[in-house]
Each structure stands twice: as C-alpha cells, then as structure tokens.
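What follows is the content of work13.txt (compact mmCIF, N, CA and C atoms).
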```txt
# COMPACT_ATOMS: atom_id res chain seq x y z
N MET A 1117 -78.52 0.20 -47.38
CA MET A 1117 -79.33 0.11 -46.19
C MET A 1117 -78.42 0.20 -44.96
N PRO A 1118 -78.65 1.18 -44.09
CA PRO A 1118 -77.80 1.31 -42.91
C PRO A 1118 -78.01 0.15 -41.93
N THR A 1119 -77.01 -0.07 -41.12
CA THR A 1119 -77.08 -1.10 -40.09
C THR A 1119 -76.83 -0.45 -38.73
N PHE A 1120 -77.16 -1.17 -37.69
CA PHE A 1120 -76.89 -0.71 -36.33
C PHE A 1120 -75.38 -0.60 -36.12
N SER A 1121 -74.94 0.50 -35.53
CA SER A 1121 -73.51 0.67 -35.28
C SER A 1121 -73.20 0.57 -33.78
N LYS A 1122 -73.79 1.47 -32.97
CA LYS A 1122 -73.49 1.46 -31.54
C LYS A 1122 -74.47 2.35 -30.78
N PHE A 1123 -74.44 2.23 -29.46
CA PHE A 1123 -75.16 3.12 -28.58
C PHE A 1123 -74.18 4.13 -28.02
N ILE A 1124 -74.65 5.36 -27.81
CA ILE A 1124 -73.84 6.40 -27.17
C ILE A 1124 -74.68 7.08 -26.11
N ASP A 1125 -74.01 7.79 -25.21
CA ASP A 1125 -74.71 8.57 -24.18
C ASP A 1125 -75.14 9.90 -24.77
N GLY A 1126 -76.40 10.24 -24.57
CA GLY A 1126 -76.90 11.53 -25.00
C GLY A 1126 -76.87 12.51 -23.85
N GLN A 1127 -77.49 13.65 -24.05
CA GLN A 1127 -77.59 14.63 -22.99
C GLN A 1127 -78.47 14.07 -21.88
N ARG A 1128 -78.17 14.47 -20.68
CA ARG A 1128 -78.93 14.03 -19.49
C ARG A 1128 -78.98 12.52 -19.36
N ARG A 1129 -77.92 11.87 -19.77
CA ARG A 1129 -77.73 10.42 -19.64
C ARG A 1129 -78.74 9.58 -20.42
N SER A 1130 -79.32 10.15 -21.45
CA SER A 1130 -80.23 9.37 -22.28
C SER A 1130 -79.40 8.50 -23.23
N GLN A 1131 -79.97 7.41 -23.63
CA GLN A 1131 -79.28 6.52 -24.56
C GLN A 1131 -79.66 6.90 -25.98
N GLN A 1132 -78.66 7.00 -26.85
CA GLN A 1132 -78.89 7.27 -28.25
C GLN A 1132 -78.26 6.17 -29.07
N MET A 1133 -78.76 6.01 -30.30
CA MET A 1133 -78.27 4.96 -31.20
C MET A 1133 -77.66 5.62 -32.43
N VAL A 1134 -76.57 5.05 -32.93
CA VAL A 1134 -75.92 5.53 -34.13
C VAL A 1134 -75.98 4.43 -35.18
N ASP A 1135 -76.36 4.80 -36.41
CA ASP A 1135 -76.35 3.80 -37.48
C ASP A 1135 -75.05 3.88 -38.27
N SER A 1136 -74.86 2.97 -39.20
CA SER A 1136 -73.61 2.88 -39.95
C SER A 1136 -73.39 4.07 -40.87
N ASP A 1137 -74.44 4.85 -41.17
CA ASP A 1137 -74.29 6.05 -41.99
C ASP A 1137 -73.95 7.29 -41.18
N GLY A 1138 -73.98 7.18 -39.86
CA GLY A 1138 -73.63 8.30 -39.00
C GLY A 1138 -74.81 9.09 -38.46
N PHE A 1139 -76.03 8.65 -38.73
CA PHE A 1139 -77.20 9.32 -38.19
C PHE A 1139 -77.41 8.90 -36.73
N ILE A 1140 -77.87 9.83 -35.91
CA ILE A 1140 -78.11 9.57 -34.49
C ILE A 1140 -79.61 9.56 -34.23
N TYR A 1141 -80.05 8.61 -33.42
CA TYR A 1141 -81.47 8.45 -33.10
C TYR A 1141 -81.66 8.49 -31.58
N SER A 1142 -82.80 9.02 -31.17
CA SER A 1142 -83.22 8.99 -29.76
C SER A 1142 -84.37 8.00 -29.63
N ARG A 1143 -84.51 7.42 -28.46
CA ARG A 1143 -85.57 6.44 -28.25
C ARG A 1143 -86.93 7.11 -28.41
N LYS A 1144 -87.77 6.50 -29.19
CA LYS A 1144 -89.08 7.07 -29.51
C LYS A 1144 -90.13 6.70 -28.48
N LYS A 1145 -90.15 5.45 -28.11
CA LYS A 1145 -91.17 4.99 -27.17
C LYS A 1145 -90.50 4.57 -25.87
N PRO A 1146 -91.04 5.01 -24.76
CA PRO A 1146 -90.43 4.61 -23.49
C PRO A 1146 -90.61 3.13 -23.19
N ARG A 1147 -91.61 2.53 -23.79
CA ARG A 1147 -91.87 1.12 -23.53
C ARG A 1147 -91.69 0.33 -24.82
N ASP A 1148 -90.67 -0.49 -24.86
CA ASP A 1148 -90.39 -1.28 -26.05
C ASP A 1148 -91.12 -2.62 -25.96
N THR A 1149 -91.27 -3.24 -27.11
CA THR A 1149 -91.83 -4.59 -27.13
C THR A 1149 -90.67 -5.56 -26.93
N PRO A 1150 -90.96 -6.82 -26.70
CA PRO A 1150 -89.87 -7.80 -26.58
C PRO A 1150 -89.11 -8.00 -27.89
N LEU A 1151 -89.70 -7.59 -29.01
CA LEU A 1151 -89.07 -7.84 -30.30
C LEU A 1151 -88.28 -6.67 -30.87
N TYR A 1152 -88.68 -5.44 -30.59
CA TYR A 1152 -87.98 -4.30 -31.18
C TYR A 1152 -88.06 -3.07 -30.29
N SER A 1153 -87.18 -2.11 -30.56
CA SER A 1153 -87.25 -0.80 -29.93
C SER A 1153 -87.39 0.24 -31.04
N ALA A 1154 -88.18 1.28 -30.78
CA ALA A 1154 -88.46 2.31 -31.78
C ALA A 1154 -87.61 3.55 -31.49
N TRP A 1155 -87.10 4.15 -32.56
CA TRP A 1155 -86.21 5.30 -32.45
C TRP A 1155 -86.62 6.36 -33.46
N ARG A 1156 -86.30 7.62 -33.18
CA ARG A 1156 -86.54 8.70 -34.14
C ARG A 1156 -85.24 9.48 -34.33
N CYS A 1157 -85.12 10.10 -35.48
CA CYS A 1157 -83.91 10.87 -35.77
C CYS A 1157 -83.76 11.98 -34.73
N ARG A 1158 -82.54 12.20 -34.33
CA ARG A 1158 -82.25 13.20 -33.31
C ARG A 1158 -82.55 14.63 -33.78
N LYS A 1159 -82.47 14.87 -35.07
CA LYS A 1159 -82.78 16.20 -35.63
C LYS A 1159 -84.30 16.34 -35.64
N ASN A 1160 -84.88 16.57 -34.48
CA ASN A 1160 -86.32 16.47 -34.31
C ASN A 1160 -86.98 17.81 -34.00
N ASN A 1161 -86.24 18.92 -34.16
CA ASN A 1161 -86.78 20.22 -33.82
C ASN A 1161 -87.08 21.05 -35.06
N PRO A 1162 -88.17 21.82 -35.05
CA PRO A 1162 -88.47 22.70 -36.18
C PRO A 1162 -87.34 23.71 -36.34
N PRO A 1163 -87.09 24.28 -37.49
CA PRO A 1163 -87.90 24.17 -38.70
C PRO A 1163 -87.51 22.99 -39.59
N THR A 1164 -86.43 22.29 -39.27
CA THR A 1164 -85.99 21.19 -40.15
C THR A 1164 -86.22 19.84 -39.49
N LYS A 1165 -87.38 19.65 -38.91
CA LYS A 1165 -87.70 18.41 -38.22
C LYS A 1165 -87.58 17.22 -39.19
N CYS A 1166 -86.76 16.26 -38.82
CA CYS A 1166 -86.54 15.09 -39.68
C CYS A 1166 -87.63 14.05 -39.40
N PRO A 1167 -88.27 13.54 -40.44
CA PRO A 1167 -89.36 12.57 -40.25
C PRO A 1167 -88.90 11.12 -40.12
N CYS A 1168 -87.60 10.88 -40.16
CA CYS A 1168 -87.10 9.50 -40.20
C CYS A 1168 -87.24 8.80 -38.84
N HIS A 1169 -87.69 7.56 -38.90
CA HIS A 1169 -87.80 6.69 -37.73
C HIS A 1169 -87.07 5.39 -38.05
N ALA A 1170 -86.61 4.72 -37.02
CA ALA A 1170 -85.93 3.44 -37.20
C ALA A 1170 -86.39 2.47 -36.14
N TYR A 1171 -86.31 1.21 -36.46
CA TYR A 1171 -86.72 0.14 -35.54
C TYR A 1171 -85.59 -0.85 -35.42
N LEU A 1172 -85.13 -1.06 -34.20
CA LEU A 1172 -84.02 -1.97 -33.93
C LEU A 1172 -84.59 -3.28 -33.41
N THR A 1173 -84.37 -4.36 -34.15
CA THR A 1173 -84.81 -5.68 -33.72
C THR A 1173 -83.86 -6.16 -32.63
N LEU A 1174 -84.40 -6.48 -31.48
CA LEU A 1174 -83.58 -6.79 -30.32
C LEU A 1174 -82.94 -8.18 -30.37
N THR A 1175 -83.50 -9.07 -31.16
CA THR A 1175 -82.95 -10.42 -31.20
C THR A 1175 -81.64 -10.50 -31.99
N ASP A 1176 -81.53 -9.69 -33.06
CA ASP A 1176 -80.31 -9.77 -33.89
C ASP A 1176 -79.69 -8.41 -34.21
N ASN A 1177 -80.16 -7.35 -33.55
CA ASN A 1177 -79.66 -5.99 -33.76
C ASN A 1177 -79.76 -5.52 -35.20
N SER A 1178 -80.76 -5.99 -35.93
CA SER A 1178 -80.96 -5.49 -37.29
C SER A 1178 -81.76 -4.20 -37.24
N LEU A 1179 -81.47 -3.31 -38.16
CA LEU A 1179 -82.08 -1.99 -38.19
C LEU A 1179 -82.98 -1.86 -39.40
N THR A 1180 -84.20 -1.40 -39.18
CA THR A 1180 -85.15 -1.18 -40.26
C THR A 1180 -85.58 0.27 -40.21
N LEU A 1181 -85.47 0.97 -41.34
CA LEU A 1181 -85.90 2.36 -41.39
C LEU A 1181 -87.38 2.45 -41.72
N GLY A 1182 -88.02 3.52 -41.23
CA GLY A 1182 -89.42 3.76 -41.55
C GLY A 1182 -89.56 4.20 -43.00
N SER A 1183 -90.77 4.58 -43.38
CA SER A 1183 -91.04 4.90 -44.78
C SER A 1183 -90.52 6.27 -45.20
N LYS A 1184 -90.25 7.16 -44.25
CA LYS A 1184 -89.79 8.51 -44.59
C LYS A 1184 -88.27 8.62 -44.39
N PRO A 1185 -87.56 9.14 -45.41
CA PRO A 1185 -86.10 9.24 -45.31
C PRO A 1185 -85.67 10.48 -44.52
N HIS A 1186 -84.38 10.53 -44.21
CA HIS A 1186 -83.80 11.71 -43.57
C HIS A 1186 -83.89 12.88 -44.53
N ASN A 1187 -84.08 14.09 -43.99
CA ASN A 1187 -84.12 15.29 -44.83
C ASN A 1187 -82.88 16.16 -44.64
N HIS A 1188 -81.78 15.54 -44.18
CA HIS A 1188 -80.53 16.26 -43.92
C HIS A 1188 -79.37 15.27 -44.06
N PRO A 1189 -78.16 15.79 -44.27
CA PRO A 1189 -77.02 14.88 -44.35
C PRO A 1189 -76.61 14.40 -42.96
N ALA A 1190 -75.91 13.29 -42.93
CA ALA A 1190 -75.40 12.77 -41.65
C ALA A 1190 -74.26 13.66 -41.16
N ASP A 1191 -74.17 13.83 -39.85
CA ASP A 1191 -73.07 14.56 -39.24
C ASP A 1191 -72.15 13.53 -38.61
N ASN A 1192 -71.14 13.10 -39.37
CA ASN A 1192 -70.27 12.01 -38.91
C ASN A 1192 -69.42 12.39 -37.71
N ALA A 1193 -69.23 13.67 -37.46
CA ALA A 1193 -68.44 14.09 -36.30
C ALA A 1193 -69.27 14.07 -35.01
N ALA A 1194 -70.59 14.10 -35.12
CA ALA A 1194 -71.45 14.20 -33.93
C ALA A 1194 -71.29 13.02 -32.96
N PRO A 1195 -71.27 11.76 -33.44
CA PRO A 1195 -71.10 10.66 -32.47
C PRO A 1195 -69.75 10.71 -31.76
N LEU A 1196 -68.70 11.08 -32.48
CA LEU A 1196 -67.37 11.18 -31.85
C LEU A 1196 -67.34 12.31 -30.84
N LYS A 1197 -67.95 13.42 -31.19
CA LYS A 1197 -68.03 14.56 -30.27
C LYS A 1197 -68.78 14.16 -29.01
N ARG A 1198 -69.90 13.47 -29.16
CA ARG A 1198 -70.69 13.03 -28.02
C ARG A 1198 -69.88 12.09 -27.12
N GLU A 1199 -69.11 11.19 -27.73
CA GLU A 1199 -68.29 10.26 -26.94
C GLU A 1199 -67.22 11.00 -26.15
N VAL A 1200 -66.56 11.99 -26.77
CA VAL A 1200 -65.54 12.77 -26.07
C VAL A 1200 -66.16 13.52 -24.90
N LEU A 1201 -67.30 14.16 -25.11
CA LEU A 1201 -67.96 14.89 -24.04
C LEU A 1201 -68.40 13.97 -22.91
N SER A 1202 -68.89 12.78 -23.24
CA SER A 1202 -69.28 11.80 -22.22
C SER A 1202 -68.08 11.33 -21.42
N THR A 1203 -66.97 11.12 -22.11
CA THR A 1203 -65.74 10.71 -21.42
C THR A 1203 -65.26 11.81 -20.47
N LEU A 1204 -65.33 13.07 -20.93
CA LEU A 1204 -64.94 14.18 -20.07
C LEU A 1204 -65.79 14.22 -18.80
N LYS A 1205 -67.10 14.09 -18.96
CA LYS A 1205 -68.00 14.12 -17.80
C LYS A 1205 -67.73 12.97 -16.85
N ARG A 1206 -67.53 11.77 -17.42
CA ARG A 1206 -67.29 10.59 -16.59
C ARG A 1206 -65.99 10.74 -15.80
N LYS A 1207 -64.92 11.19 -16.47
CA LYS A 1207 -63.63 11.32 -15.78
C LYS A 1207 -63.67 12.42 -14.73
N ALA A 1208 -64.40 13.50 -15.01
CA ALA A 1208 -64.53 14.57 -14.03
C ALA A 1208 -65.27 14.08 -12.78
N ALA A 1209 -66.28 13.22 -12.98
CA ALA A 1209 -67.01 12.67 -11.84
C ALA A 1209 -66.16 11.67 -11.06
N GLU A 1210 -65.32 10.91 -11.77
CA GLU A 1210 -64.48 9.90 -11.13
C GLU A 1210 -63.30 10.54 -10.39
N GLN A 1211 -62.85 11.71 -10.86
CA GLN A 1211 -61.68 12.36 -10.29
C GLN A 1211 -62.02 13.79 -9.86
N PRO A 1212 -62.87 13.94 -8.83
CA PRO A 1212 -63.33 15.28 -8.47
C PRO A 1212 -62.22 16.22 -7.97
N LEU A 1213 -61.12 15.67 -7.52
CA LEU A 1213 -60.05 16.51 -7.01
C LEU A 1213 -58.98 16.83 -8.05
N SER A 1214 -59.11 16.29 -9.23
CA SER A 1214 -58.13 16.55 -10.29
C SER A 1214 -58.34 17.94 -10.87
N VAL A 1215 -57.25 18.48 -11.40
CA VAL A 1215 -57.31 19.78 -12.05
C VAL A 1215 -58.03 19.61 -13.39
N THR A 1216 -58.97 20.48 -13.67
CA THR A 1216 -59.78 20.39 -14.88
C THR A 1216 -58.92 20.33 -16.13
N GLN A 1217 -57.89 21.15 -16.19
CA GLN A 1217 -57.03 21.19 -17.37
C GLN A 1217 -56.34 19.85 -17.61
N ASN A 1218 -55.99 19.14 -16.54
CA ASN A 1218 -55.36 17.82 -16.70
C ASN A 1218 -56.34 16.81 -17.30
N ILE A 1219 -57.58 16.84 -16.85
CA ILE A 1219 -58.59 15.93 -17.40
C ILE A 1219 -58.83 16.26 -18.87
N LEU A 1220 -58.97 17.54 -19.19
CA LEU A 1220 -59.18 17.96 -20.57
C LEU A 1220 -58.03 17.50 -21.46
N SER A 1221 -56.82 17.73 -21.01
CA SER A 1221 -55.65 17.35 -21.81
C SER A 1221 -55.59 15.85 -22.04
N GLU A 1222 -55.90 15.08 -21.02
CA GLU A 1222 -55.87 13.62 -21.12
C GLU A 1222 -56.90 13.10 -22.13
N VAL A 1223 -58.12 13.60 -22.03
CA VAL A 1223 -59.19 13.12 -22.92
C VAL A 1223 -58.98 13.60 -24.35
N LEU A 1224 -58.59 14.85 -24.52
CA LEU A 1224 -58.39 15.39 -25.87
C LEU A 1224 -57.20 14.77 -26.57
N ALA A 1225 -56.23 14.29 -25.82
CA ALA A 1225 -55.08 13.62 -26.43
C ALA A 1225 -55.48 12.29 -27.06
N ASP A 1226 -56.55 11.68 -26.55
CA ASP A 1226 -57.02 10.39 -27.08
C ASP A 1226 -57.94 10.52 -28.28
N SER A 1227 -58.39 11.72 -28.60
CA SER A 1227 -59.30 11.89 -29.75
C SER A 1227 -58.56 12.58 -30.90
N THR A 1228 -59.19 12.55 -32.06
CA THR A 1228 -58.54 13.09 -33.26
C THR A 1228 -58.63 14.61 -33.29
N PRO A 1229 -57.71 15.27 -33.98
CA PRO A 1229 -57.78 16.74 -34.10
C PRO A 1229 -59.07 17.21 -34.77
N GLU A 1230 -59.58 16.41 -35.72
CA GLU A 1230 -60.82 16.78 -36.39
C GLU A 1230 -61.99 16.82 -35.40
N THR A 1231 -62.03 15.82 -34.52
CA THR A 1231 -63.08 15.78 -33.51
C THR A 1231 -62.92 16.93 -32.52
N ASN A 1232 -61.69 17.19 -32.12
CA ASN A 1232 -61.43 18.26 -31.15
C ASN A 1232 -61.87 19.62 -31.69
N GLN A 1233 -61.79 19.82 -33.00
CA GLN A 1233 -62.20 21.10 -33.59
C GLN A 1233 -63.70 21.31 -33.52
N THR A 1234 -64.47 20.24 -33.41
CA THR A 1234 -65.94 20.36 -33.35
C THR A 1234 -66.44 20.57 -31.93
N LEU A 1235 -65.58 20.43 -30.94
CA LEU A 1235 -65.99 20.57 -29.54
C LEU A 1235 -66.18 22.03 -29.16
N PRO A 1236 -66.93 22.28 -28.09
CA PRO A 1236 -67.04 23.66 -27.59
C PRO A 1236 -65.66 24.18 -27.16
N THR A 1237 -65.56 25.48 -26.95
CA THR A 1237 -64.27 26.06 -26.54
C THR A 1237 -63.85 25.53 -25.17
N MET A 1238 -62.57 25.60 -24.89
CA MET A 1238 -62.04 25.11 -23.62
C MET A 1238 -62.70 25.82 -22.44
N GLU A 1239 -62.94 27.11 -22.58
CA GLU A 1239 -63.53 27.89 -21.48
C GLU A 1239 -64.94 27.39 -21.15
N SER A 1240 -65.69 26.98 -22.17
CA SER A 1240 -67.06 26.54 -21.90
C SER A 1240 -67.14 25.10 -21.42
N LEU A 1241 -66.07 24.32 -21.65
CA LEU A 1241 -66.07 22.97 -21.14
C LEU A 1241 -65.85 22.97 -19.66
```
Please, can you express the file's structure as structure tokens?
Amino acid sequence: MPTFSKFIDGQRRSQQMVDSDGFIYSRKKPRDTPLYSAWRCRKNNPPTKCPCHAYLTLTDNSLTLGSKPHNHPADNAAPLKREVLSTLKRKAAEQPLSVTQNILSEVLADSTPETNQTLPTMESL
C-alpha cells in the first residue's frame, strides 16, 4: 500500500502530490473537506486515461487509494524532473539579471545525471 511522500509544484504553479511508489496526482476537487483532499492520477488524458484516485487524510497524511488501480507503471524520474524544472524557474525569477547558462549549470550540478537525461534539451530550457 503506497503512502504519502511529498508535494511538488506542477505546471502553472499547481500543487501535485507524489506517493511512495512514484505516482503523481493532481488535485481532483477544488474544495476539500476538513478531513481529506481528493486527488486523481496525473496520467489523465486519453487514450490511456488512468482511473486511479487517491484520498489524503489531512489529520495524519495517510493515503487511501480508490477502487480502481493505475493502468500504467510509475515514472520514478518524473517527480525529480519536476523538482529540477521548478528550481530552474524559481532561480531564474529570483536572479533576472543572471546569465541563463550560469543558472542552468548551477541547478543541473545539484541533480543526478539520470535526472538530467530526462530533462528537455538545453536550447528549449
């Protein structure tokens, strides 16, 4: 049974959740109850729309999966990739006068070579 791992920044500053198996979830309902928040698997687009949902209990951060399992393997590199991209964006906003290559070199030096291989090309960053 997976457990809650951490929150990460998604695209457009949305909050996403990562479980201990490496699956990423997006918030399902904009309005949570005082007891739990509802999430759906991030792989939510046809043709391989994943039916998995999860519920995070807010009092103790316990994670409960819905009745339908994931229909795809976990992408363990995705959360790390998302964190590196978020760090790049944050540092670029904090240091608007810095040379882009310096920011890229600094952030990529802190991540693993395996993660760096999954990132977009330097030109597109």
Mind checking which residues fall within 8 Å of stretch 1191-1204 of chain A, counting only N, CA and C atoms, ignoring those fewer than 3 positions away in the same chain, and posting them as a ChimeraX atom specification?
/A:1124-1127,1134,1137-1140,1188,1207-1210,1219-1220,1223-1224,1227,1230-1232,1234-1235
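Taking stretch 1117-1224 of chain A and asking which residues DSSP calls strand (DSSP E) on the backbone, you get Phe1120, Ser1121, Lys1122, Phe1123, Ile1124, Asp1125, Gln1131, Gln1132, Met1133, Val1134, Asp1135, Ile1140, Tyr1141, Ser1142, Arg1143, Tyr1152, Ser1153, Ala1154, Trp1155, Arg1156, Cys1157, His1169, Ala1170, Tyr1171, Leu1172, Thr1173, Leu1179, Thr1180 and Leu1181 of chain A.
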Polymer residues at most 12 Å from A:Asp1135, only C-alpha atoms, same-chain spacing of 2 or more positions, as a ChimeraX atom specification
/A:1117-1124,1132-1133,1137-1142,1155-1158,1169-1172,1177-1181,1190-1192,1195
Produce the centre coordinates and the three edge lengths, each in Å to one decimal, of the box along x, y and z that contains all listed atoms of stretch 1203-1220 of chain A with 6 Å added on each side, as JSON.
```
{"center_x": -61.7, "center_y": 15.5, "center_z": -14.6, "size_x": 24.6, "size_y": 23.3, "size_z": 27.1}
```
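As for atom C of A:Ser1136 and atom CA of A:Thr1237, they are spaced 27.8 Å apart.
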Give me, as a list in words, all polymer residues having an atom no more than 8 Å from A:Lys1184, counting all atoms listed in the file and skipping those fewer than 4 positions away in the same chain.
Cys1166, Pro1167, Cys1168 and His1169 of chain A
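Straight-line separation from atom CA of A:His1186 to atom C of A:Ser1153: 17.4 Å.
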Could I get stretch 1121-1222 of chain A from the block written out with C-alpha atoms, as a CSV table (one decimal), in the first residue's frame?
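The resulting out.csv:
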```csv
chain,number,residue,atom,x,y,z
A,1121,SER,CA,5.6,11.0,0.0
A,1122,LYS,CA,5.6,14.8,-0.8
A,1123,PHE,CA,4.0,17.7,-2.6
A,1124,ILE,CA,5.7,19.1,-5.7
A,1125,ASP,CA,5.0,22.1,-8.0
A,1126,GLY,CA,3.1,21.2,-11.2
A,1127,GLN,CA,2.7,23.2,-14.3
A,1128,ARG,CA,1.3,26.7,-13.9
A,1129,ARG,CA,2.1,26.6,-10.2
A,1130,SER,CA,-0.5,23.9,-9.4
A,1131,GLN,CA,0.2,21.6,-6.5
A,1132,GLN,CA,0.8,17.9,-7.1
A,1133,MET,CA,1.2,15.0,-4.8
A,1134,VAL,CA,3.7,12.1,-5.1
A,1135,ASP,CA,3.1,8.8,-3.4
A,1136,SER,CA,5.8,6.4,-2.2
A,1137,ASP,CA,5.5,4.3,-5.4
A,1138,GLY,CA,6.4,7.3,-7.6
A,1139,PHE,CA,2.9,8.0,-9.0
A,1140,ILE,CA,1.9,11.7,-9.3
A,1141,TYR,CA,-1.5,13.0,-8.6
A,1142,SER,CA,-3.3,16.3,-9.3
A,1143,ARG,CA,-6.0,17.8,-7.0
A,1144,LYS,CA,-9.3,16.4,-8.0
A,1145,LYS,CA,-11.7,18.7,-6.2
A,1146,PRO,CA,-11.1,22.4,-5.7
A,1147,ARG,CA,-12.9,22.4,-2.4
A,1148,ASP,CA,-11.6,19.9,0.1
A,1149,THR,CA,-13.4,18.8,3.3
A,1150,PRO,CA,-11.8,19.4,6.7
A,1151,LEU,CA,-10.9,15.7,6.8
A,1152,TYR,CA,-9.4,14.8,3.4
A,1153,SER,CA,-8.4,16.1,0.0
A,1154,ALA,CA,-9.2,14.2,-3.2
A,1155,TRP,CA,-6.6,13.6,-5.9
A,1156,ARG,CA,-6.5,11.9,-9.4
A,1157,CYS,CA,-3.7,10.3,-11.2
A,1158,ARG,CA,-1.8,12.8,-13.4
A,1159,LYS,CA,-2.0,10.5,-16.4
A,1160,ASN,CA,-5.5,11.7,-17.1
A,1161,ASN,CA,-5.6,12.2,-20.8
A,1162,PRO,CA,-6.9,9.8,-23.5
A,1163,PRO,CA,-6.1,7.3,-24.9
A,1164,THR,CA,-4.5,5.9,-21.7
A,1165,LYS,CA,-6.6,7.7,-19.1
A,1166,CYS,CA,-5.7,6.3,-15.7
A,1167,PRO,CA,-8.8,5.7,-13.5
A,1168,CYS,CA,-6.9,5.8,-10.2
A,1169,HIS,CA,-7.9,8.2,-7.5
A,1170,ALA,CA,-6.4,8.8,-4.1
A,1171,TYR,CA,-7.6,10.5,-0.9
A,1172,LEU,CA,-5.2,12.1,1.5
A,1173,THR,CA,-6.4,12.3,5.1
A,1174,LEU,CA,-5.3,15.8,6.4
A,1175,THR,CA,-5.1,14.9,10.0
A,1176,ASP,CA,-2.3,12.3,9.7
A,1177,ASN,CA,-1.3,12.4,6.0
A,1178,SER,CA,-2.4,8.9,5.4
A,1179,LEU,CA,-3.1,7.9,1.8
A,1180,THR,CA,-6.1,5.8,0.6
A,1181,LEU,CA,-6.4,4.6,-3.0
A,1182,GLY,CA,-9.7,4.4,-4.7
A,1183,SER,CA,-11.2,1.1,-6.0
A,1184,LYS,CA,-9.5,1.3,-9.5
A,1185,PRO,CA,-5.8,0.7,-9.8
A,1186,HIS,CA,-3.3,2.5,-12.0
A,1187,ASN,CA,-3.2,1.2,-15.6
A,1188,HIS,CA,0.5,2.2,-16.2
A,1189,PRO,CA,3.8,1.9,-14.5
A,1190,ALA,CA,5.2,4.6,-12.2
A,1191,ASP,CA,7.6,7.1,-13.7
A,1192,ASN,CA,10.1,7.5,-10.9
A,1193,ALA,CA,12.1,10.1,-12.8
A,1194,ALA,CA,9.0,12.4,-13.2
A,1195,PRO,CA,9.0,13.9,-9.7
A,1196,LEU,CA,12.7,14.6,-9.8
A,1197,LYS,CA,12.4,16.2,-13.2
A,1198,ARG,CA,9.5,18.4,-12.0
A,1199,GLU,CA,11.6,19.5,-9.0
A,1200,VAL,CA,14.6,20.4,-11.2
A,1201,LEU,CA,12.4,22.4,-13.6
A,1202,SER,CA,10.7,24.2,-10.6
A,1203,THR,CA,14.1,25.1,-9.2
A,1204,LEU,CA,15.2,26.4,-12.6
A,1205,LYS,CA,12.1,28.6,-12.8
A,1206,ARG,CA,12.4,29.9,-9.3
A,1207,LYS,CA,16.1,30.8,-9.6
A,1208,ALA,CA,15.5,32.5,-12.9
A,1209,ALA,CA,12.8,34.6,-11.3
A,1210,GLU,CA,15.0,35.4,-8.3
A,1211,GLN,CA,18.0,36.3,-10.4
A,1212,PRO,CA,16.6,38.1,-13.5
A,1213,LEU,CA,20.0,39.6,-14.4
A,1214,SER,CA,22.0,36.4,-14.2
A,1215,VAL,CA,23.2,34.6,-17.3
A,1216,THR,CA,20.9,31.7,-18.2
A,1217,GLN,CA,23.7,29.3,-18.7
A,1218,ASN,CA,25.0,30.0,-15.2
A,1219,ILE,CA,21.6,29.3,-13.6
A,1220,LEU,CA,21.3,26.1,-15.7
A,1221,SER,CA,24.8,24.9,-14.7
A,1222,GLU,CA,24.2,25.6,-11.0
```
